[in-house]
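Have a look at entry.pdb below; it lists PDB, C-alpha atoms, pLDDT in the B column.
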ATOM      1  CA  MET A 141      39.898  30.751  13.723  1.00 50.00           C
ATOM      2  CA  PRO A 142      37.651  28.127  15.220  1.00 52.00           C
ATOM      3  CA  THR A 143      37.808  24.711  13.624  1.00 51.00           C
ATOM      4  CA  LYS A 144      34.738  23.171  12.117  1.00 48.00           C
ATOM      5  CA  THR A 145      33.631  19.880  13.545  1.00 44.00           C
ATOM      6  CA  ALA A 146      32.042  17.303  11.328  1.00 46.00           C
ATOM      7  CA  LYS A 147      28.559  16.205  12.252  1.00 42.00           C
ATOM      8  CA  THR A 148      28.064  12.501  12.443  1.00 37.00           C
ATOM      9  CA  THR A 149      24.677  10.945  12.091  1.00 38.00           C
ATOM     10  CA  GLU A 150      24.060   7.472  13.345  1.00 42.00           C
ATOM     11  CA  LYS A 151      21.155   5.410  12.150  1.00 39.00           C
ATOM     12  CA  THR A 152      19.214   3.599  14.791  1.00 41.00           C
ATOM     13  CA  ALA A 153      18.796  -0.132  14.490  1.00 44.00           C
ATOM     14  CA  GLU A 154      15.312  -0.041  12.987  1.00 54.00           C
ATOM     15  CA  SER A 155      13.723  -2.900  11.140  1.00 60.00           C
ATOM     16  CA  THR A 156      14.681  -2.509   7.478  1.00 84.00           C
ATOM     17  CA  GLU A 157      12.648  -5.535   6.460  1.00 93.00           C
ATOM     18  CA  PHE A 158      10.155  -4.872   3.679  1.00 96.00           C
ATOM     19  CA  ALA A 159       8.158  -6.732   1.065  1.00 96.00           C
ATOM     20  CA  VAL A 160       6.473  -5.913  -2.234  1.00 96.00           C
ATOM     21  CA  ILE A 161       2.936  -7.267  -2.572  1.00 96.00           C
ATOM     22  CA  ALA A 162       0.446  -7.239  -5.451  1.00 97.00           C
ATOM     23  CA  THR A 163      -3.234  -6.564  -4.794  1.00 96.00           C
ATOM     24  CA  GLY A 164      -5.963  -4.781  -6.718  1.00 94.00           C
ATOM     25  CA  GLY A 165      -3.850  -4.593  -9.877  1.00 95.00           C
ATOM     26  CA  LYS A 166      -1.192  -2.543  -8.106  1.00 96.00           C
ATOM     27  CA  GLN A 167       2.075  -3.198  -6.277  1.00 97.00           C
ATOM     28  CA  TYR A 168       2.836  -1.868  -2.791  1.00 97.00           C
ATOM     29  CA  LYS A 169       6.078  -1.708  -0.825  1.00 97.00           C
ATOM     30  CA  VAL A 170       5.168  -2.560   2.790  1.00 96.00           C
ATOM     31  CA  SER A 171       6.972  -2.991   6.080  1.00 96.00           C
ATOM     32  CA  VAL A 172       5.781  -4.144   9.503  1.00 96.00           C
ATOM     33  CA  GLY A 173       3.753  -1.508  11.363  1.00 95.00           C
ATOM     34  CA  GLU A 174       2.970   0.498   8.238  1.00 96.00           C
ATOM     35  CA  SER A 175      -0.587   1.488   7.252  1.00 97.00           C
ATOM     36  CA  ILE A 176      -1.505   1.627   3.564  1.00 97.00           C
ATOM     37  CA  LYS A 177      -4.667   2.267   1.541  1.00 97.00           C
ATOM     38  CA  ILE A 178      -5.396  -0.485  -0.966  1.00 97.00           C
ATOM     39  CA  GLU A 179      -8.190  -1.197  -3.427  1.00 96.00           C
ATOM     40  CA  LYS A 180     -11.305  -2.747  -1.910  1.00 96.00           C
ATOM     41  CA  ILE A 181     -11.147  -6.557  -1.796  1.00 95.00           C
ATOM     42  CA  ILE A 182     -14.246  -8.468  -2.878  1.00 95.00           C
ATOM     43  CA  GLY A 183     -15.783 -10.366  -0.008  1.00 94.00           C
ATOM     44  CA  ASP A 184     -17.463  -9.883   3.339  1.00 95.00           C
ATOM     45  CA  TYR A 185     -14.913  -7.975   5.442  1.00 96.00           C
ATOM     46  CA  LYS A 186     -15.358  -5.736   8.462  1.00 96.00           C
ATOM     47  CA  GLU A 187     -12.972  -3.581  10.486  1.00 96.00           C
ATOM     48  CA  GLY A 188     -10.642  -5.633  12.659  1.00 96.00           C
ATOM     49  CA  ASP A 189     -10.491  -8.634  10.301  1.00 97.00           C
ATOM     50  CA  LYS A 190      -7.168 -10.252   9.459  1.00 97.00           C
ATOM     51  CA  ILE A 191      -6.168 -10.224   5.768  1.00 97.00           C
ATOM     52  CA  THR A 192      -3.411 -12.362   4.256  1.00 97.00           C
ATOM     53  CA  PHE A 193      -1.664 -11.365   1.031  1.00 96.00           C
ATOM     54  CA  ASP A 194      -0.093 -14.377  -0.695  1.00 94.00           C
ATOM     55  CA  LYS A 195       1.066 -12.605  -3.877  1.00 96.00           C
ATOM     56  CA  VAL A 196       4.461 -11.539  -2.514  1.00 96.00           C
ATOM     57  CA  LEU A 197       6.832 -10.411  -5.268  1.00 96.00           C
ATOM     58  CA  LEU A 198       9.922  -9.495  -3.217  1.00 95.00           C
ATOM     59  CA  VAL A 199      11.154  -9.821   0.368  1.00 95.00           C
ATOM     60  CA  ASP A 200      14.183  -7.976   1.762  1.00 94.00           C
ATOM     61  CA  ASP A 201      15.245  -8.534   5.385  1.00 89.00           C
ATOM     62  CA  GLY A 202      18.188  -6.133   5.381  1.00 87.00           C
ATOM     63  CA  SER A 203      20.847  -8.647   4.397  1.00 90.00           C
ATOM     64  CA  ASN A 204      19.130 -11.089   2.012  1.00 91.00           C
ATOM     65  CA  THR A 205      16.824 -10.296  -0.873  1.00 92.00           C
ATOM     66  CA  THR A 206      14.431 -12.852  -2.349  1.00 93.00           C
ATOM     67  CA  ILE A 207      12.821 -12.116  -5.702  1.00 94.00           C
ATOM     68  CA  GLY A 208       9.902 -14.197  -6.950  1.00 91.00           C
ATOM     69  CA  THR A 209       9.251 -15.502 -10.447  1.00 91.00           C
ATOM     70  CA  PRO A 210       6.633 -13.957 -10.374  1.00 91.00           C
ATOM     71  CA  ASN A 211       5.622 -14.798  -6.759  1.00 94.00           C
ATOM     72  CA  ILE A 212       7.588 -16.215  -3.842  1.00 94.00           C
ATOM     73  CA  GLU A 213       6.280 -19.659  -2.866  1.00 93.00           C
ATOM     74  CA  GLY A 214       5.174 -19.830   0.781  1.00 93.00           C
ATOM     75  CA  ALA A 215       5.690 -16.128   1.513  1.00 95.00           C
ATOM     76  CA  LYS A 216       2.801 -14.200   3.074  1.00 96.00           C
ATOM     77  CA  VAL A 217       2.125 -10.736   4.405  1.00 97.00           C
ATOM     78  CA  GLU A 218      -0.413 -10.531   7.214  1.00 97.00           C
ATOM     79  CA  ALA A 219      -2.394  -7.368   7.902  1.00 97.00           C
ATOM     80  CA  THR A 220      -5.320  -6.099   9.963  1.00 98.00           C
ATOM     81  CA  LEU A 221      -8.174  -4.135   8.387  1.00 97.00           C
ATOM     82  CA  GLU A 222      -8.286  -0.731  10.104  1.00 97.00           C
ATOM     83  CA  GLU A 223     -10.813   1.219   8.050  1.00 96.00           C
ATOM     84  CA  ILE A 224     -13.262   0.797   5.186  1.00 97.00           C
ATOM     85  CA  GLY A 225     -13.957   4.037   3.353  1.00 97.00           C
ATOM     86  CA  ARG A 226     -14.202   5.957   0.129  1.00 97.00           C
ATOM     87  CA  HIS A 227     -11.800   8.497  -1.357  1.00 97.00           C
ATOM     88  CA  ALA A 228     -12.760  12.082  -2.142  1.00 98.00           C
ATOM     89  CA  LYS A 229     -15.155  12.631  -5.018  1.00 98.00           C
ATOM     90  CA  VAL A 230     -13.747  12.932  -8.527  1.00 98.00           C
ATOM     91  CA  THR A 231     -15.983  14.997 -10.803  1.00 98.00           C
ATOM     92  CA  ILE A 232     -16.257  14.016 -14.472  1.00 98.00           C
ATOM     93  CA  ILE A 233     -17.645  16.610 -16.904  1.00 98.00           C
ATOM     94  CA  LYS A 234     -18.338  16.031 -20.612  1.00 98.00           C
ATOM     95  CA  TYR A 235     -19.190  19.142 -22.617  1.00 98.00           C
ATOM     96  CA  LYS A 236     -19.556  20.031 -26.280  1.00 98.00           C
ATOM     97  CA  GLN A 237     -20.112  23.632 -27.193  1.00 97.00           C
ATOM     98  CA  LYS A 238     -22.949  24.785 -29.450  1.00 97.00           C
ATOM     99  CA  SER A 239     -24.736  21.424 -29.264  1.00 97.00           C
ATOM    100  CA  ARG A 240     -26.383  21.582 -25.821  1.00 96.00           C
ATOM    101  CA  TYR A 241     -24.394  18.565 -24.666  1.00 98.00           C
ATOM    102  CA  PHE A 242     -23.401  18.613 -20.979  1.00 98.00           C
ATOM    103  CA  LYS A 243     -22.974  15.639 -18.669  1.00 98.00           C
ATOM    104  CA  LYS A 244     -21.723  15.786 -15.103  1.00 98.00           C
ATOM    105  CA  ASN A 245     -20.921  12.697 -13.059  1.00 98.00           C
ATOM    106  CA  GLY A 246     -19.094  11.942  -9.810  1.00 98.00           C
ATOM    107  CA  HIS A 247     -17.233   8.920  -8.500  1.00 98.00           C
ATOM    108  CA  ARG A 248     -15.894   7.928  -5.073  1.00 98.00           C
ATOM    109  CA  GLN A 249     -13.479   4.981  -5.186  1.00 97.00           C
ATOM    110  CA  PRO A 250     -13.805   2.576  -2.222  1.00 97.00           C
ATOM    111  CA  PHE A 251     -10.649   1.604  -0.287  1.00 97.00           C
ATOM    112  CA  PHE A 252      -9.397  -0.529   2.603  1.00 97.00           C
ATOM    113  CA  LYS A 253      -6.870   0.912   5.039  1.00 97.00           C
ATOM    114  CA  VAL A 254      -4.768  -1.985   6.368  1.00 97.00           C
ATOM    115  CA  LYS A 255      -1.929  -2.149   8.897  1.00 97.00           C
ATOM    116  CA  VAL A 256       0.804  -4.697   8.183  1.00 97.00           C
ATOM    117  CA  THR A 257       1.418  -6.931  11.216  1.00 97.00           C
ATOM    118  CA  ALA A 258       3.872  -9.566   9.911  1.00 96.00           C
ATOM    119  CA  ILE A 259       5.966 -10.614   6.929  1.00 95.00           C
ATOM    120  CA  VAL A 260       6.241 -14.413   6.903  1.00 90.00           C
TER
END
Encoded form (structure tokens):
Amino acid sequence: MPTKTAKTTEKTAESTEFAVIATGGKQYKVSVGESIKIEKIIGDYKEGDKITFDKVLLVDDGSNTTIGTPNIEGAKVEATLEEIGRHAKVTIIKYKQKSRYFKKNGHRQPFFKVKVTAIV
């Protein structure tokens, strides 16, 4: 009978550094080179602008983990604004039978698509 050989998988030495940031009332786990969609930020921004997130809650560089209380002093995540857009339409319908009550409304939530360039 032939013997079975065990398969070995080796992980490549990729950057395992990540951070957790807070923006738009939500928290996002980000790493360098990653693109994420976040809530629109108030202000005059256009595509290609640099955005800095200073509300960093956690930073992990693979060997050390730093947790903020609630934020880490001096930590920043830098990103570039790739796209300004709106999500798909969400349709809201209110209806009551036998009373001729029908309302239909739609909403498209605006977003920013940003690409993380550095965790400082």
Inset, instruction - Can you give me, as a list in words, the residues this file yields under the PyMOL selection byres ((chain A and resi 247) around 6)? - result: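 Applying the expression gives Lys229, Val230, Gly246 and Arg248 of chain A.
Put simply, CA of Gly202 in chain A is 25.1 Å away from CA of Ile178 in chain A.
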Legend entry - the PyMOL selection byres ((chain A and resi 227) around 7) resolved against shown file, as a PyMOL selection string: chain A and resi 225-226+228-229+248-250
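When you apply the PyMOL selection byres ((chain A and resi 207) around 6) to this structure, what comes back is Leu198, Thr206 and Gly208 of chain A.
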Determine, for each residue of range 150-183 of chain A having at least one atom at most 10 Å from an atom of range 219-224 of chain A, the closest pair of atoms and their separation in Å to one decimal, counting all atoms listed in the file; order by chain and ascending number, as a Markdown table.
| residue | atom | partner | partner_atom | distance |
| --- | --- | --- | --- | --- |
| A:Val172 | CA | A:Ala219 | CA | 8.9 |
| A:Gly173 | CA | A:Ala219 | CA | 9.2 |
| A:Glu174 | CA | A:Ala219 | CA | 9.5 |
| A:Ser175 | CA | A:Glu222 | CA | 8.5 |
| A:Ile176 | CA | A:Glu222 | CA | 9.7 |
| A:Lys177 | CA | A:Glu223 | CA | 9.0 |
| A:Lys180 | CA | A:Ile224 | CA | 8.2 |
Inset, instruction - Give me the residues within 10 Å of Val217 in chain A as a ChimeraX atom specification, counting all atoms listed in the file and dropping any in the same chain fewer than 2 places off. - result: /A:158-161,170-172,191-196,199,215,219,256-260
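Atom pair CA of Lys186 in chain A / CA of Gln167 in chain A has a distance of 23.0 Å (rounded to one decimal).
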Inset, instruction - Tell me, in Å to one decimal, how far CA of Asp184 in chain A is from CA of Lys216 in chain A. - result: 20.7 Å
Legend entry - Residue among A:Ile182, A:Gln237, A:Glu187, A:Thr156 lying closest to Thr205 in chain A, counting all atoms listed in the file: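 Going through A:Ile182, A:Gln237, A:Glu187, A:Thr156 one by one, the smallest distance to Thr205 in chain A is for A:Thr156.
For the residues A:Lys238, A:Tyr185, A:Leu197, A:Ile232, ranking by smallest atom-to-atom distance to Tyr168 in chain A using all atoms listed in the file places A:Leu197 first.
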